[in-house]
Amino acid sequence: MRGVGLPEAVARFREEYRDREIPAGYDGRLHLAFTFGVGSIALVLCLLQLQAVLPLEWLAVPLTWLYANLAEYLGHRFPMHRPFRGLGLVYRRHAGQHHRFFNHQAMPLDDLRDLRAVLFPPLLVIFFFGLFALPVWVGLSLLLSDNVAWLFVATGLGYFLNYEILHLAYHLPDDHWLAQRWLVRKLGWLHRTHHDPRRMAHNNFNITYPVCDLLFSTLRRDPEDKPSADAGDNARDNPPA
Ligand SMILES: [Zn+2]
Ligand SMILES: [Zn+2]
């Protein structure tokens, strides 16, 4: 049954959020279809633009991947967990809503409508891709080549789709087949640690692969048999309310 076994504050917030933030006509399946359907079509369209890619041009793929990993890390560490002027919506949606809907003791969603609290809203996706990808595409196309520009956008889209699949998988019920994949369980444990309110402003800002967390020494791997909820020595890390 919905809400059973959840910490009281989470159960209360979920009901409030569903009443206040999820429009009556919201359909989680349409949200999934937009994210993965439109995202995959856009990715294929980018790949179809490639023509006789030179060996050096393929370097755009790993470089964009690293750039996306850094963007994921910085975007999550700063505007999503610290209030910045002009980016209040991002902070409110993430720290104020996503982290109250799910915490380390309540990671799985209850039903398809809860996807609203997990997936990026379509308008925000279009806005961010327009704001960040379009100017870089123009710049790379002018300065380097069309192939590099298309590989940049294709890799960025692929990274985004991978991010959405993984983050969704971390918030699925434990017995879901996707949640039981080895990689999802390993990476999902890091994300669960990040959802501990005492950890969220300090650790595990990479939601996909913890490359930047390793580089910037913010990776925290709690042993799986000893969740951070039980680690009394960590109380000093409480973020400000
Ligand atoms: Zn999450
Ligand atoms: Zn977070």
# chains A, B, ... in the order shown; residues from 1 in each chain; ligands from 1
call {"tool": "residues_near_ligand", "arguments": {"ligand": "ligand 1", "cutoff": "8 Å", "atoms": "only C-alpha atoms and all ligand atoms", "output": "list of chain:residue names"}}
result
A:His98, A:His99, A:Phe102, A:Met107, A:Val118, A:His167, A:Leu168, A:Tyr170, A:His171, A:His191, A:Arg192, A:His195, A:Ile207
call {"tool": "residues_around", "arguments": {"residues": "Cys46 (chain A)", "least_positions_apart": "5", "cutoff": "10 Å", "atoms": "only C-alpha atoms", "output": "PyMOL selection string"}}
result
chain A and resi 40-41+147+149-155+157
call {"tool": "closest_residue", "arguments": {"among": "A:Leu166, A:Phe132, A:Val184, A:Ser217", "to": "Ala68 (chain A)", "atoms": "only C-alpha atoms"}}
result
A:Phe132
call {"tool": "residues_near_ligand", "arguments": {"ligand": "ligand 2", "cutoff": "8 Å", "atoms": "only C-alpha atoms and all ligand atoms", "output": "number ranges by chain"}}
result
A: 76-77, 80-81, 94-95, 98-99, 194-195, 200-201, 205
call {"tool": "residues_around", "arguments": {"residues": "region 24-36 of chain A", "least_positions_apart": "4", "cutoff": "8 Å", "atoms": "only C-alpha atoms", "output": "PDB file with C-alpha atoms, in the first residue's frame"}}
result
ATOM      1  CA  SER A  40      16.487   8.820 -28.881  1.00  0.00           C
ATOM      2  CA  LEU A 112       3.958   6.200 -12.532  1.00  0.00           C
ATOM      3  CA  ARG A 113       2.708   9.650 -11.490  1.00  0.00           C
ATOM      4  CA  ASP A 114       5.704   9.930  -9.148  1.00  0.00           C
ATOM      5  CA  LEU A 115       7.895  10.118 -12.275  1.00  0.00           C
ATOM      6  CA  ARG A 116       7.144  13.824 -12.083  1.00  0.00           C
ATOM      7  CA  LEU A 119      12.521  12.928 -14.633  1.00  0.00           C
ATOM      8  CA  PRO A 121      10.431  18.350 -17.075  1.00  0.00           C
ATOM      9  CA  PRO A 122      10.319  18.427 -20.926  1.00  0.00           C
ATOM     10  CA  LEU A 161      19.526   9.600 -21.692  1.00  0.00           C
TER      11      LEU A 161
END
call {"tool": "residues_around", "arguments": {"residues": "Leu183 (chain A)", "least_positions_apart": "3", "cutoff": "12 Å", "atoms": "only C-alpha atoms", "output": "list in words"}}
result
Ile165, Leu166, His167, Ala169, Tyr170, Leu178, Ala179, Gln180, Lys186, Leu187, Gly188, Trp189, Leu190, Thr208 and Tyr209 of chain A
call {"tool": "write_last_selection", "arguments": {"atoms": "all heavy atoms", "output": "CSV table (one decimal), in the first residue's frame"}}
result
chain,number,residue,atom,x,y,z
A,165,ILE,N,18.0,7.3,-17.4
A,165,ILE,CA,17.8,5.8,-17.1
A,165,ILE,C,18.3,5.4,-15.8
A,165,ILE,O,17.6,4.8,-15.0
A,165,ILE,CB,18.4,4.9,-18.2
A,165,ILE,CG1,17.7,5.1,-19.5
A,165,ILE,CG2,18.4,3.5,-17.8
A,165,ILE,CD1,18.4,4.4,-20.7
A,166,LEU,N,19.6,5.8,-15.5
A,166,LEU,CA,20.2,5.4,-14.2
A,166,LEU,C,19.4,6.1,-13.0
A,166,LEU,O,19.1,5.4,-12.1
A,166,LEU,CB,21.7,5.9,-14.2
A,166,LEU,CG,22.6,5.0,-15.0
A,166,LEU,CD1,24.0,5.6,-15.0
A,166,LEU,CD2,22.7,3.6,-14.4
A,167,HIS,N,19.1,7.4,-13.1
A,167,HIS,CA,18.5,8.0,-12.0
A,167,HIS,C,17.1,7.4,-11.7
A,167,HIS,O,16.7,7.2,-10.6
A,167,HIS,CB,18.4,9.5,-12.2
A,167,HIS,CG,18.0,10.3,-11.0
A,167,HIS,ND1,17.1,11.3,-11.0
A,167,HIS,CD2,18.3,10.1,-9.6
A,167,HIS,CE1,16.9,11.8,-9.8
A,167,HIS,NE2,17.6,11.0,-8.9
A,169,ALA,N,16.3,4.4,-12.5
A,169,ALA,CA,16.5,3.0,-11.9
A,169,ALA,C,16.8,3.1,-10.4
A,169,ALA,O,16.3,2.2,-9.7
A,169,ALA,CB,17.6,2.3,-12.7
A,170,TYR,N,17.5,4.1,-10.0
A,170,TYR,CA,17.8,4.2,-8.5
A,170,TYR,C,16.5,4.4,-7.7
A,170,TYR,O,16.5,4.1,-6.5
A,170,TYR,CB,18.7,5.4,-8.2
A,170,TYR,CG,20.0,5.5,-9.0
A,170,TYR,CD1,20.6,6.7,-9.1
A,170,TYR,CD2,20.6,4.4,-9.5
A,170,TYR,CE1,21.8,6.9,-9.8
A,170,TYR,CE2,21.8,4.5,-10.2
A,170,TYR,CZ,22.4,5.7,-10.3
A,170,TYR,OH,23.6,5.9,-11.0
A,178,LEU,N,15.2,-3.7,-13.5
A,178,LEU,CA,16.2,-2.7,-13.8
A,178,LEU,C,17.0,-2.3,-12.6
A,178,LEU,O,18.2,-2.1,-12.6
A,178,LEU,CB,15.5,-1.4,-14.4
A,178,LEU,CG,16.4,-0.4,-15.1
A,178,LEU,CD1,17.4,-1.0,-16.1
A,178,LEU,CD2,15.6,0.7,-15.7
A,179,ALA,N,16.3,-2.2,-11.4
A,179,ALA,CA,16.9,-1.9,-10.2
A,179,ALA,C,17.9,-3.0,-9.7
A,179,ALA,O,18.7,-2.7,-8.9
A,179,ALA,CB,15.8,-1.6,-9.1
A,180,GLN,N,17.7,-4.2,-10.3
A,180,GLN,CA,18.5,-5.3,-9.8
A,180,GLN,C,19.8,-5.5,-10.6
A,180,GLN,O,20.6,-6.4,-10.3
A,180,GLN,CB,17.7,-6.6,-9.8
A,180,GLN,CG,16.6,-6.5,-8.7
A,180,GLN,CD,15.7,-7.8,-8.7
A,180,GLN,OE1,15.8,-8.6,-9.6
A,180,GLN,NE2,15.0,-7.9,-7.6
A,186,LYS,N,25.2,-0.9,-7.7
A,186,LYS,CA,26.5,-0.2,-7.2
A,186,LYS,C,26.4,1.3,-7.3
A,186,LYS,O,26.7,2.0,-6.3
A,186,LYS,CB,27.7,-0.6,-8.1
A,186,LYS,CG,28.1,-2.1,-8.0
A,186,LYS,CD,28.8,-2.2,-6.6
A,186,LYS,CE,28.9,-3.7,-6.2
A,186,LYS,NZ,29.0,-3.9,-4.8
A,187,LEU,N,26.0,1.8,-8.4
A,187,LEU,CA,25.9,3.3,-8.5
A,187,LEU,C,24.7,3.8,-7.7
A,187,LEU,O,24.8,4.9,-7.1
A,187,LEU,CB,25.7,3.7,-10.0
A,187,LEU,CG,26.9,3.4,-10.9
A,187,LEU,CD1,26.5,3.7,-12.4
A,187,LEU,CD2,28.1,4.1,-10.5
A,188,GLY,N,23.6,3.1,-7.6
A,188,GLY,CA,22.4,3.5,-6.8
A,188,GLY,C,22.8,3.6,-5.4
A,188,GLY,O,22.2,4.4,-4.7
A,189,TRP,N,23.7,2.8,-4.9
A,189,TRP,CA,24.1,2.9,-3.5
A,189,TRP,C,24.7,4.2,-3.2
A,189,TRP,O,24.5,4.9,-2.1
A,189,TRP,CB,25.0,1.7,-3.1
A,189,TRP,CG,25.2,1.8,-1.6
A,189,TRP,CD1,26.4,2.2,-1.0
A,189,TRP,CD2,24.3,1.4,-0.6
A,189,TRP,NE1,26.2,2.1,0.4
A,189,TRP,CE2,24.9,1.6,0.7
A,189,TRP,CE3,23.0,0.9,-0.6
A,189,TRP,CZ2,24.3,1.4,1.9
A,189,TRP,CZ3,22.4,0.6,0.6
A,189,TRP,CH2,23.0,0.9,1.8
A,190,LEU,N,25.5,4.7,-4.1
A,190,LEU,CA,26.2,6.0,-4.0
A,190,LEU,C,25.1,7.1,-3.9
A,190,LEU,O,25.2,8.1,-3.2
A,190,LEU,CB,27.2,6.3,-5.1
A,190,LEU,CG,28.3,5.3,-5.2
A,190,LEU,CD1,29.2,5.7,-6.5
A,190,LEU,CD2,29.2,5.4,-4.0
A,208,THR,N,25.6,9.8,-12.4
A,208,THR,CA,25.9,8.6,-13.2
A,208,THR,C,27.2,8.0,-12.6
A,208,THR,O,27.2,7.4,-11.6
A,208,THR,CB,26.1,9.0,-14.7
A,208,THR,OG1,27.0,10.0,-14.8
A,208,THR,CG2,24.7,9.5,-15.3
A,209,TYR,N,28.3,8.3,-13.3
A,209,TYR,CA,29.6,7.6,-13.0
A,209,TYR,C,30.5,8.6,-12.2
A,209,TYR,O,30.7,9.8,-12.6
A,209,TYR,CB,30.3,7.2,-14.3
A,209,TYR,CG,29.4,6.4,-15.2
A,209,TYR,CD1,28.7,7.1,-16.2
A,209,TYR,CD2,29.1,5.1,-14.9
A,209,TYR,CE1,27.8,6.4,-17.0
A,209,TYR,CE2,28.2,4.4,-15.7
A,209,TYR,CZ,27.5,5.1,-16.7
A,209,TYR,OH,26.6,4.4,-17.5
call {"tool": "closest_residue", "arguments": {"among": "A:Asp175, A:Asp146, A:Leu89, A:Cys212", "to": "Ala52 (chain A)", "atoms": "only C-alpha atoms"}}
result
A:Asp146
call {"tool": "closest_residue", "arguments": {"among": "A:Arg100, A:Thr218, A:Asn204, A:Phe84", "to": "Glu8 (chain A)", "atoms": "only C-alpha atoms"}}
result
A:Arg100
call {"tool": "select_by_dssp", "arguments": {"residues": "region 27-220 of chain A", "states": "helix (DSSP H, G or I)", "output": "PyMOL selection string"}}
result
chain A and resi 28-48+55-77+88-101+112-117+122-143+146-170+182-194+211-215
call {"tool": "decode", "arguments": {"residues": "region 64-105 of chain A", "atoms": "C-alpha atoms", "output": "PDB file, in the first residue's frame"}}
result
ATOM      1  CA  THR A  64      32.189  15.567 -24.511  1.00  0.00           C
ATOM      2  CA  TRP A  65      31.574  12.680 -22.114  1.00  0.00           C
ATOM      3  CA  LEU A  66      34.077  14.151 -19.628  1.00  0.00           C
ATOM      4  CA  TYR A  67      32.594  17.628 -20.116  1.00  0.00           C
ATOM      5  CA  ALA A  68      29.095  16.232 -19.436  1.00  0.00           C
ATOM      6  CA  ASN A  69      30.339  14.446 -16.316  1.00  0.00           C
ATOM      7  CA  LEU A  70      31.797  17.751 -15.081  1.00  0.00           C
ATOM      8  CA  ALA A  71      28.589  19.637 -15.953  1.00  0.00           C
ATOM      9  CA  GLU A  72      26.523  17.022 -14.095  1.00  0.00           C
ATOM     10  CA  TYR A  73      28.818  17.356 -11.075  1.00  0.00           C
ATOM     11  CA  LEU A  74      28.968  21.155 -10.962  1.00  0.00           C
ATOM     12  CA  GLY A  75      25.278  21.627 -11.782  1.00  0.00           C
ATOM     13  CA  HIS A  76      24.314  19.236  -9.014  1.00  0.00           C
ATOM     14  CA  ARG A  77      26.860  20.412  -6.458  1.00  0.00           C
ATOM     15  CA  PHE A  78      26.096  24.125  -6.856  1.00  0.00           C
ATOM     16  CA  PRO A  79      22.764  25.379  -8.313  1.00  0.00           C
ATOM     17  CA  MET A  80      20.876  22.238  -7.306  1.00  0.00           C
ATOM     18  CA  HIS A  81      22.136  22.306  -3.713  1.00  0.00           C
ATOM     19  CA  ARG A  82      22.888  25.985  -3.176  1.00  0.00           C
ATOM     20  CA  PRO A  83      20.542  28.882  -3.894  1.00  0.00           C
ATOM     21  CA  PHE A  84      21.920  31.093  -6.697  1.00  0.00           C
ATOM     22  CA  ARG A  85      20.208  34.206  -7.966  1.00  0.00           C
ATOM     23  CA  GLY A  86      18.231  33.427 -11.135  1.00  0.00           C
ATOM     24  CA  LEU A  87      18.457  29.666 -10.584  1.00  0.00           C
ATOM     25  CA  GLY A  88      15.988  29.421  -7.711  1.00  0.00           C
ATOM     26  CA  LEU A  89      13.676  27.109  -9.650  1.00  0.00           C
ATOM     27  CA  VAL A  90      16.449  24.520 -10.082  1.00  0.00           C
ATOM     28  CA  TYR A  91      17.302  24.682  -6.349  1.00  0.00           C
ATOM     29  CA  ARG A  92      13.667  24.467  -5.291  1.00  0.00           C
ATOM     30  CA  ARG A  93      12.924  21.526  -7.583  1.00  0.00           C
ATOM     31  CA  HIS A  94      15.963  19.539  -6.511  1.00  0.00           C
ATOM     32  CA  ALA A  95      16.925  20.304  -2.889  1.00  0.00           C
ATOM     33  CA  GLY A  96      13.403  21.404  -1.913  1.00  0.00           C
ATOM     34  CA  GLN A  97      11.367  18.743  -3.690  1.00  0.00           C
ATOM     35  CA  HIS A  98      13.343  15.763  -5.061  1.00  0.00           C
ATOM     36  CA  HIS A  99      15.285  15.387  -1.809  1.00  0.00           C
ATOM     37  CA  ARG A 100      12.156  15.601   0.328  1.00  0.00           C
ATOM     38  CA  PHE A 101      10.206  13.190  -1.873  1.00  0.00           C
ATOM     39  CA  PHE A 102      13.052  10.645  -1.650  1.00  0.00           C
ATOM     40  CA  ASN A 103      15.547  10.200   1.151  1.00  0.00           C
ATOM     41  CA  HIS A 104      18.053   7.441   1.930  1.00  0.00           C
ATOM     42  CA  GLN A 105      15.359   5.565   3.848  1.00  0.00           C
TER      43      GLN A 105
END
